[in-house]
Amino acid sequence: MRIVDNIKVWGEPLENAVSQAVTCSQHGDVLGVALMADHHKGYSQPIGGVVAYRNMISPSGVGYDIACGNKAVRTNLLWEEIKDQIGVIMDDINANVSFGVGRNNPTPVDHDLFDDASWKLFDTIEPGLQHKLKTLARNQLGTVGSGNHFVDIFVEESTGKVWVANHFGSRGFGHKVASGFLNLAAGREFSGKAPGESMDQPPTLFDLNSEMGEMYWDGMTLAGRYAYAGRDYVIDQVLGILGASAEYSVHNHHNFAWKEQHMGEDVVVVRKGATPLAPGQLGFVGGSMGDISVIVEGIHSEENTESFRSTVHGAGRIMSRTQAAGKMNYKLRTRMGGEISEEQMQAAIRAYGVELRGAGTDESPFVYKKLQDVLNAHEHTLKINHILRPVGVAMAGGNEFDPYKD
């Protein structure tokens with residue numbers, strides 16, 4: 001860890017992300033800001049950024065994909081029992097789990113979260129808004145989306161055990177909540193059309209005790225419950241395909257805000273692309289489709305305290321989507337001019353022993369740092385409990401744009 005412009009930085013500092021972190025530190029009542037080793041530039045608050053506010057909440061800091069996160073489970077299966085069927089298994093996952101932009105679940109899911117009293121707050125904002133958002137949420141519950149969102153099968157080679165993990169958030173519902181409150185903060189209607197926004201604009205802030213702050217907190221919390229329900233549903237789908245049961249699970253958000261105590265103060269910690277990791281707390285951190293993923297545990301240390309008990313949420317990109325896959329022509333639904341070819345990606349995946357369904361070259365192993373390098377920067381904040389090698393990866397197709405990804 002090093003200090004750059006009064007920002008605590010793990011890993012190699014990226015100037016544009018550090019600049020965003022400095023901007024965050026200068027707006028609102030801020031206790032401190034930290035950048036995890038997978039940091040890179042984001043909207044308003046850098047991805048991999050952690051900001052601790054005194055009695056404030058930042059909807060731009062939490063971001064548009066509220067409660068994006070991961071669930072991972074260890075199954076009762078051994079890799080030896082299923083490895084000959086992995087191609088069929090991945091076909092079944094690809095056919096039965098809904099991937100892609102704006103998709104609805106073909107089998108509508110009911111859940112007790114739809115009875116939560118917090119839904120009523122939307123009708124106080126705009127007549128009929130509760131029904132509109134609840135309908136969208138019901139239709140999309142259990143869909144994965146696009147971008148970097150996935151469903152993976154892993155083997156833990158030290159035990160031979162099969163694991164299943166996924167990565168996605170609160171889908172269209174969370175995006176509507178985020179954009180709606182950002183609209184209200186700017187004096188627009190909740191469902192109004194927002195103008196183009198600058199990546200470098202200062203964070204949008206609400207006083208936590210204000211009416212707007214309380215409403216956003218309730219909406220964010222509801223989106224968090226929704227994301228948990230969606231990830232639970234998809235994991236259960238995959239366990240059904242495998243004919244397996246879960247022995248052990250790890251489940252966490254990495255785009256969210258939490259009320260915590262740090263440095264003797266009660267604060268709101270906004271993590272965008274950062275995993276909460278207090279001593280003893282578990283987290284899943286995913287690598288690329290051609291790299292390990294891990295289950296980590298926070299440890300008691302000075303560095304863990306300095307990080308606001310946080311760590312990375314992934315390996316971190318080293319190449320933009322456009323650089324890797326080329327510029328998207330949405331009329332033709334193709335990309336042109338990318339540095340990574342489909343042949344290069346497929347060769348790398350085959351060499352690593354992964355059965356791939358979907359995905360574009362913008363998610364290939366070439367666009368990410370090596371996860372172990374990123375974890376090494378946090379060696380004094382965590383320990384690695386399980387190392388998982390991907391054997392099956394399912395994602396949306398490469399030519400989809402998803403506004404709900406993190």
# chains A, B, ... in the order shown; residues from 1 in each chain; ligands from 1

call {"tool": "residues_around", "arguments": {"residues": "Ala223 (chain A)", "least_positions_apart": "4", "cutoff": "9 Å", "atoms": "only C-alpha atoms", "output": "PyMOL selection string"}}
result
chain A and resi 66-67+169-171+173-174+177+218-219+227-228

call {"tool": "residues_around", "arguments": {"residues": "region 191-207 of chain A", "least_positions_apart": "3", "cutoff": "7 Å", "atoms": "only C-alpha atoms", "output": "list in words"}}
result
Gln20, Thr23, Cys24, Gly42, Tyr43, Ser44, Gln45, Asn55, Met56, Ile57, Ser58, Pro59, Ser60, Gly61, Gly180, Asn183, Arg188, Ser210, Met212 and Gly213 of chain A

call {"tool": "residues_around", "arguments": {"residues": "Tyr226 (chain A)", "least_positions_apart": "3", "cutoff": "8 Å", "atoms": "only C-alpha atoms", "output": "PyMOL selection string"}}
result
chain A and resi 113+141+170+222-223+229-230

call {"tool": "residues_around", "arguments": {"residues": "region 367-369 of chain A", "least_positions_apart": "4", "cutoff": "6 Å", "atoms": "only C-alpha atoms", "output": "ChimeraX atom specification"}}
result
/A:315-319

call {"tool": "closest_residue", "arguments": {"among": "A:Arg54, A:Lys8, A:Arg321, A:Lys370", "to": "Met263 (chain A)", "atoms": "only C-alpha atoms"}}
result
A:Arg54

call {"tool": "residues_around", "arguments": {"residues": "Asn376 (chain A)", "least_positions_apart": "2", "cutoff": "12 Å", "atoms": "only C-alpha atoms", "output": "PyMOL selection string"}}
result
chain A and resi 1+10-12+36-38+311-312+315+370-374+378-384

call {"tool": "write_last_selection", "arguments": {"atoms": "N, CA and C atoms", "output": "PDB file, in the first residue's frame"}}
result
ATOM      1  N   MET A   1       0.851  -1.196   0.000  1.00  0.00           N
ATOM      2  CA  MET A   1       0.000   0.000   0.000  1.00  0.00           C
ATOM      3  C   MET A   1       0.880   1.238   0.000  1.00  0.00           C
ATOM      4  N   TRP A  10      -3.557   0.480  -3.322  1.00  0.00           N
ATOM      5  CA  TRP A  10      -2.948  -0.836  -3.414  1.00  0.00           C
ATOM      6  C   TRP A  10      -2.680  -1.141  -4.885  1.00  0.00           C
ATOM      7  N   GLY A  11      -1.585  -1.828  -5.173  1.00  0.00           N
ATOM      8  CA  GLY A  11      -1.224  -2.124  -6.546  1.00  0.00           C
ATOM      9  C   GLY A  11      -0.616  -0.920  -7.240  1.00  0.00           C
ATOM     10  N   GLU A  12      -0.522  -1.009  -8.566  1.00  0.00           N
ATOM     11  CA  GLU A  12       0.091   0.058  -9.363  1.00  0.00           C
ATOM     12  C   GLU A  12      -0.919   1.174  -9.597  1.00  0.00           C
ATOM     13  N   MET A  36      -8.420  -0.141  -4.377  1.00  0.00           N
ATOM     14  CA  MET A  36      -7.958  -1.518  -4.369  1.00  0.00           C
ATOM     15  C   MET A  36      -7.066  -1.783  -5.586  1.00  0.00           C
ATOM     16  N   ALA A  37      -6.357  -2.896  -5.595  1.00  0.00           N
ATOM     17  CA  ALA A  37      -5.340  -3.145  -6.623  1.00  0.00           C
ATOM     18  C   ALA A  37      -5.925  -3.403  -8.010  1.00  0.00           C
ATOM     19  N   ASP A  38      -7.230  -3.655  -8.106  1.00  0.00           N
ATOM     20  CA  ASP A  38      -7.855  -3.833  -9.418  1.00  0.00           C
ATOM     21  C   ASP A  38      -8.516  -2.544  -9.908  1.00  0.00           C
ATOM     22  N   THR A 311     -11.376  -5.291  -0.185  1.00  0.00           N
ATOM     23  CA  THR A 311     -10.387  -5.844  -1.099  1.00  0.00           C
ATOM     24  C   THR A 311     -10.920  -5.778  -2.526  1.00  0.00           C
ATOM     25  N   VAL A 312     -10.172  -6.384  -3.448  1.00  0.00           N
ATOM     26  CA  VAL A 312     -10.525  -6.349  -4.876  1.00  0.00           C
ATOM     27  C   VAL A 312     -11.822  -7.119  -5.128  1.00  0.00           C
ATOM     28  N   ALA A 315      -9.834  -9.151 -11.170  1.00  0.00           N
ATOM     29  CA  ALA A 315      -8.429  -8.962 -11.529  1.00  0.00           C
ATOM     30  C   ALA A 315      -8.133  -7.544 -12.007  1.00  0.00           C
ATOM     31  N   LYS A 370      -3.418 -10.671 -14.224  1.00  0.00           N
ATOM     32  CA  LYS A 370      -3.418 -11.971 -13.565  1.00  0.00           C
ATOM     33  C   LYS A 370      -3.928 -11.777 -12.138  1.00  0.00           C
ATOM     34  N   LEU A 371      -4.889 -12.587 -11.732  1.00  0.00           N
ATOM     35  CA  LEU A 371      -5.506 -12.391 -10.429  1.00  0.00           C
ATOM     36  C   LEU A 371      -4.494 -12.519  -9.295  1.00  0.00           C
ATOM     37  N   GLN A 372      -3.565 -13.451  -9.398  1.00  0.00           N
ATOM     38  CA  GLN A 372      -2.607 -13.629  -8.312  1.00  0.00           C
ATOM     39  C   GLN A 372      -1.763 -12.381  -8.097  1.00  0.00           C
ATOM     40  N   ASP A 373      -1.429 -11.680  -9.179  1.00  0.00           N
ATOM     41  CA  ASP A 373      -0.655 -10.442  -9.040  1.00  0.00           C
ATOM     42  C   ASP A 373      -1.436  -9.398  -8.252  1.00  0.00           C
ATOM     43  N   VAL A 374      -2.728  -9.323  -8.530  1.00  0.00           N
ATOM     44  CA  VAL A 374      -3.577  -8.366  -7.829  1.00  0.00           C
ATOM     45  C   VAL A 374      -3.719  -8.759  -6.358  1.00  0.00           C
ATOM     46  N   HIS A 378      -2.480  -7.342  -1.897  1.00  0.00           N
ATOM     47  CA  HIS A 378      -3.315  -7.326  -0.687  1.00  0.00           C
ATOM     48  C   HIS A 378      -2.923  -8.442   0.284  1.00  0.00           C
ATOM     49  N   GLU A 379      -1.696  -8.951   0.157  1.00  0.00           N
ATOM     50  CA  GLU A 379      -1.311 -10.114   0.960  1.00  0.00           C
ATOM     51  C   GLU A 379      -1.350  -9.841   2.460  1.00  0.00           C
ATOM     52  N   HIS A 380      -1.277  -8.580   2.857  1.00  0.00           N
ATOM     53  CA  HIS A 380      -1.308  -8.254   4.289  1.00  0.00           C
ATOM     54  C   HIS A 380      -2.719  -7.930   4.782  1.00  0.00           C
ATOM     55  N   THR A 381      -3.722  -8.140   3.920  1.00  0.00           N
ATOM     56  CA  THR A 381      -5.102  -7.866   4.322  1.00  0.00           C
ATOM     57  C   THR A 381      -5.985  -9.104   4.292  1.00  0.00           C
ATOM     58  N   LEU A 382      -5.507 -10.180   3.657  1.00  0.00           N
ATOM     59  CA  LEU A 382      -6.374 -11.339   3.452  1.00  0.00           C
ATOM     60  C   LEU A 382      -5.571 -12.626   3.396  1.00  0.00           C
ATOM     61  N   LYS A 383      -6.284 -13.749   3.472  1.00  0.00           N
ATOM     62  CA  LYS A 383      -5.708 -15.050   3.178  1.00  0.00           C
ATOM     63  C   LYS A 383      -6.610 -15.747   2.164  1.00  0.00           C
ATOM     64  N   ILE A 384      -6.007 -16.614   1.359  1.00  0.00           N
ATOM     65  CA  ILE A 384      -6.737 -17.339   0.328  1.00  0.00           C
ATOM     66  C   ILE A 384      -7.105 -18.716   0.870  1.00  0.00           C
TER      67      ILE A 384
END

call {"tool": "atom_distance", "arguments": {"atom1": "CA of Glu214 (chain A)", "atom2": "CA of Asp29 (chain A)"}}
result
17.3 Å

call {"tool": "select_by_dssp", "arguments": {"residues": "region 198-336 of chain A", "states": "strand (DSSP E or B)", "output": "MDAnalysis selection string"}}
result
chainID A and resid 206:207 246:253 255:262 265:272 274:276 279 282:286 293:298 310:312 314 317 326:329 334:336

call {"tool": "decode", "arguments": {"residues": "region 196-245 of chain A", "atoms": "N, CA and C atoms", "output": "tab-separated table (two decimals), in the first residue's frame"}}
result
chain	number	residue	atom	x	y	z
A	196	GLY	N	-26.21	13.22	-21.36
A	196	GLY	CA	-24.93	12.54	-21.22
A	196	GLY	C	-24.17	13.07	-20.01
A	197	GLU	N	-23.56	12.15	-19.26
A	197	GLU	CA	-22.88	12.54	-18.02
A	197	GLU	C	-21.38	12.32	-18.16
A	198	SER	N	-20.61	13.15	-17.51
A	198	SER	CA	-19.16	13.05	-17.55
A	198	SER	C	-18.67	11.99	-16.56
A	199	MET	N	-17.74	11.17	-17.01
A	199	MET	CA	-17.15	10.17	-16.12
A	199	MET	C	-16.44	10.85	-14.94
A	200	ASP	N	-15.97	12.07	-15.16
A	200	ASP	CA	-15.16	12.75	-14.15
A	200	ASP	C	-15.96	13.71	-13.29
A	201	GLN	N	-17.28	13.69	-13.39
A	201	GLN	CA	-18.04	14.64	-12.58
A	201	GLN	C	-17.96	14.25	-11.11
A	202	PRO	N	-18.05	15.23	-10.22
A	202	PRO	CA	-17.99	14.94	-8.79
A	202	PRO	C	-19.12	14.01	-8.37
A	203	PRO	N	-18.94	13.31	-7.26
A	203	PRO	CA	-20.00	12.41	-6.80
A	203	PRO	C	-21.28	13.15	-6.46
A	204	THR	N	-22.40	12.51	-6.76
A	204	THR	CA	-23.71	12.99	-6.30
A	204	THR	C	-23.89	12.51	-4.87
A	205	LEU	N	-24.30	13.41	-3.97
A	205	LEU	CA	-24.38	13.08	-2.55
A	205	LEU	C	-25.73	13.46	-1.97
A	206	PHE	N	-26.24	12.60	-1.07
A	206	PHE	CA	-27.42	12.91	-0.28
A	206	PHE	C	-27.04	12.85	1.19
A	207	ASP	N	-27.57	13.76	1.97
A	207	ASP	CA	-27.49	13.63	3.42
A	207	ASP	C	-28.33	12.41	3.80
A	208	LEU	N	-27.73	11.51	4.59
A	208	LEU	CA	-28.41	10.26	4.91
A	208	LEU	C	-29.70	10.48	5.68
A	209	ASN	N	-29.78	11.57	6.41
A	209	ASN	CA	-30.98	11.85	7.20
A	209	ASN	C	-32.02	12.69	6.46
A	210	SER	N	-31.74	13.06	5.23
A	210	SER	CA	-32.70	13.81	4.44
A	210	SER	C	-33.74	12.85	3.87
A	211	GLU	N	-34.85	13.41	3.41
A	211	GLU	CA	-35.89	12.56	2.80
A	211	GLU	C	-35.33	11.82	1.59
A	212	MET	N	-34.54	12.52	0.77
A	212	MET	CA	-33.97	11.89	-0.42
A	212	MET	C	-32.97	10.80	-0.04
A	213	GLY	N	-32.15	11.10	0.97
A	213	GLY	CA	-31.18	10.11	1.42
A	213	GLY	C	-31.83	8.85	1.97
A	214	GLU	N	-32.89	9.04	2.74
A	214	GLU	CA	-33.60	7.89	3.31
A	214	GLU	C	-34.27	7.07	2.22
A	215	MET	N	-34.87	7.76	1.23
A	215	MET	CA	-35.53	7.03	0.14
A	215	MET	C	-34.52	6.27	-0.70
A	216	TYR	N	-33.38	6.91	-1.01
A	216	TYR	CA	-32.37	6.20	-1.79
A	216	TYR	C	-31.86	4.99	-1.02
A	217	TRP	N	-31.61	5.16	0.28
A	217	TRP	CA	-31.10	4.03	1.08
A	217	TRP	C	-32.08	2.86	1.02
A	218	ASP	N	-33.38	3.16	1.14
A	218	ASP	CA	-34.38	2.08	1.09
A	218	ASP	C	-34.43	1.43	-0.29
A	219	GLY	N	-34.33	2.26	-1.34
A	219	GLY	CA	-34.33	1.72	-2.69
A	219	GLY	C	-33.10	0.88	-2.97
A	220	MET	N	-31.94	1.36	-2.53
A	220	MET	CA	-30.70	0.61	-2.70
A	220	MET	C	-30.76	-0.72	-1.96
A	221	THR	N	-31.27	-0.68	-0.73
A	221	THR	CA	-31.36	-1.90	0.08
A	221	THR	C	-32.28	-2.92	-0.57
A	222	LEU	N	-33.40	-2.45	-1.14
A	222	LEU	CA	-34.31	-3.33	-1.84
A	222	LEU	C	-33.64	-3.94	-3.07
A	223	ALA	N	-32.88	-3.13	-3.81
A	223	ALA	CA	-32.14	-3.65	-4.96
A	223	ALA	C	-31.11	-4.69	-4.52
A	224	GLY	N	-30.55	-4.50	-3.32
A	224	GLY	CA	-29.62	-5.49	-2.78
A	224	GLY	C	-30.29	-6.83	-2.51
A	225	ARG	N	-31.48	-6.78	-1.92
A	225	ARG	CA	-32.24	-8.01	-1.68
A	225	ARG	C	-32.57	-8.69	-3.02
A	226	TYR	N	-32.91	-7.87	-4.00
A	226	TYR	CA	-33.27	-8.39	-5.32
A	226	TYR	C	-32.07	-9.10	-5.97
A	227	ALA	N	-30.90	-8.50	-5.86
A	227	ALA	CA	-29.69	-9.11	-6.44
A	227	ALA	C	-29.37	-10.44	-5.75
A	228	TYR	N	-29.49	-10.47	-4.42
A	228	TYR	CA	-29.27	-11.73	-3.71
A	228	TYR	C	-30.25	-12.80	-4.19
A	229	ALA	N	-31.52	-12.42	-4.34
A	229	ALA	CA	-32.53	-13.39	-4.78
A	229	ALA	C	-32.23	-13.92	-6.17
A	230	GLY	N	-31.79	-13.04	-7.07
A	230	GLY	CA	-31.45	-13.46	-8.42
A	230	GLY	C	-30.28	-14.43	-8.45
A	231	ARG	N	-29.23	-14.11	-7.70
A	231	ARG	CA	-28.07	-15.01	-7.68
A	231	ARG	C	-28.41	-16.35	-7.04
A	232	ASP	N	-29.23	-16.31	-5.99
A	232	ASP	CA	-29.69	-17.57	-5.38
A	232	ASP	C	-30.42	-18.42	-6.41
A	233	TYR	N	-31.32	-17.79	-7.17
A	233	TYR	CA	-32.12	-18.52	-8.15
A	233	TYR	C	-31.24	-19.18	-9.20
A	234	VAL	N	-30.28	-18.44	-9.74
A	234	VAL	CA	-29.44	-18.98	-10.81
A	234	VAL	C	-28.54	-20.10	-10.28
A	235	ILE	N	-28.00	-19.94	-9.08
A	235	ILE	CA	-27.20	-21.03	-8.50
A	235	ILE	C	-28.06	-22.28	-8.36
A	236	ASP	N	-29.29	-22.12	-7.89
A	236	ASP	CA	-30.18	-23.28	-7.75
A	236	ASP	C	-30.48	-23.92	-9.10
A	237	GLN	N	-30.63	-23.09	-10.14
A	237	GLN	CA	-30.82	-23.62	-11.50
A	237	GLN	C	-29.67	-24.53	-11.90
A	238	VAL	N	-28.45	-24.05	-11.67
A	238	VAL	CA	-27.26	-24.80	-12.09
A	238	VAL	C	-27.10	-26.06	-11.24
A	239	LEU	N	-27.38	-25.96	-9.95
A	239	LEU	CA	-27.32	-27.16	-9.10
A	239	LEU	C	-28.32	-28.21	-9.60
A	240	GLY	N	-29.49	-27.74	-10.06
A	240	GLY	CA	-30.47	-28.66	-10.61
A	240	GLY	C	-29.96	-29.34	-11.87
A	241	ILE	N	-29.30	-28.59	-12.74
A	241	ILE	CA	-28.72	-29.16	-13.96
A	241	ILE	C	-27.66	-30.20	-13.61
A	242	LEU	N	-26.86	-29.91	-12.59
A	242	LEU	CA	-25.80	-30.83	-12.16
A	242	LEU	C	-26.33	-32.01	-11.36
A	243	GLY	N	-27.55	-31.89	-10.83
A	243	GLY	CA	-28.05	-32.90	-9.90
A	243	GLY	C	-27.25	-32.89	-8.61
A	244	ALA	N	-26.89	-31.69	-8.18
A	244	ALA	CA	-25.99	-31.54	-7.03
A	244	ALA	C	-26.65	-30.74	-5.93
A	245	SER	N	-26.03	-30.75	-4.76
A	245	SER	CA	-26.44	-29.89	-3.66
A	245	SER	C	-25.25	-29.07	-3.20
